[in-house]
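Engineer: The structure under discussion is supplied below as structure tokens; questions concerning it will follow.
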Amino acid sequence: MVEMGILGLPQSGKSTLFEIMTGVSDRDSHGDPCQRGQAMVPDSRFDHLVDIFQPLKASPARVPFIDVNFRGDNAGESIRQVLNGSDGLVHVVDGFSSQNIQDILGHYRKLADDLILSDLLIVENRLERLARLPVKALKPLDQSHLQILPELKLHLEKGLPLRDMDLSDDVLNSLKSFSFLTIRPELVVINMGENDAPVANTSCNIADFPLPAIDISCRIEAELIGMTLPEQGEFLHDLGIDEPAFRRIIRESFSLLGRISYFTVGEDEVKAWVIPAGSRAPRAAAAIHKDFERGFIKAEVVSYEDFVACGDTLAGAKAAGKLRLEGKDYVIKDGDIVSFRFNV
């Protein structure tokens, strides 16, 4: 299962953001080095399908998050131990103690530099071990590492994350065992003060900022916890906010992980199934059950947009020729409504 790690300096607001998105409080951590929770992916298409089919059960897409707690020095290694299996990072940055751009950038760089240093130490240690091996003892993977690791070392020594390098899929696969932190995709979230709420929920256009970022006021959006949807709507309307920023953070995290969702619909359940982008139909079917992949015959597919245009009914989509049969080479699209035919 893919997972996003939430990290940030102490008092940055990362644990508050984690609670806002997942409903899991750090008060329940009992001193553990991390907290795990899942956030529902906001999707108006899913909500519409639930309204149409009125199912007994509604199962939206979810993003697993892990909140990293660390104290003291050597932050990079502490984070690595917890996030060894994570696939992406949400880096929460203090933007409330100072509105000076350079101060905010400094908060970001402090932890980012620790992660870069941690990766650099791994590269250096590996190169030292390889240098001690006789040439005849080098395996093909060792030879590959001897070619690519010096390039990684030079890049990291410039203070740059590995994700900025244009590395091929083959190279990335050869580096998986290192669990580099800075090679993972990263979403920067700037936690603004309450007085900056009107600028929250928009993209940061900060000159020289290393990555696109999302603004949020965690203190304000924490007020949404425990509110009903109508209460949330009224609260946000009073603040002039169309949508809470945490929902966009969840969606961006989902996208950053390279995931899409397709839907199965019916009176029993409407469900969003999470799959890697680019998945062909049999692999997508495996998300439901391995037997669906093993015995795959055809996929009956209609896009969400065509479904809506045809009167919000599968019968209407079929009559309009929009409900079609696809074979094993069909690549499932985000938002497809799918029913699989299989035989085992």
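Residues are referred to by chain and number: the chain letter is A, B, ... according to the order shown in the structure tokens, the number counts from 1 in that chain, and ligands are numbered separately from 1 in the order shown.
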Which neighbours of Met192 in chain A fall inside 7 Å, counting only C-alpha atoms, when residues of the same chain fewer than 3 positions from it are skipped, and could you give them as a count of residues only?
Structural biologist: 6
Engineer: Once DSSP has gone over the backbone, tell me which residues of range 20-141 of chain A are in strand (DSSP E), as a PyMOL selection string.
Structural biologist: chain A and resi 34-40+57-59+62-68+88-95
Engineer: Find the distance between CA of Ser12 in chain A and CA of Pro161 in chain A and write it in Å to one decimal.
Structural biologist: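 Calculated distance between CA of Ser12 in chain A and CA of Pro161 in chain A is 21.2 Å.
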Engineer: In range 92-313 of chain A, what's helix (DSSP H, G or I) per DSSP? Answer as number ranges by chain?
Structural biologist: A: 101-131, 135-137, 140-157, 162-164, 169-174, 176-178, 194-199, 218-224, 229-239, 245-256, 281-285, 290-294, 304-309
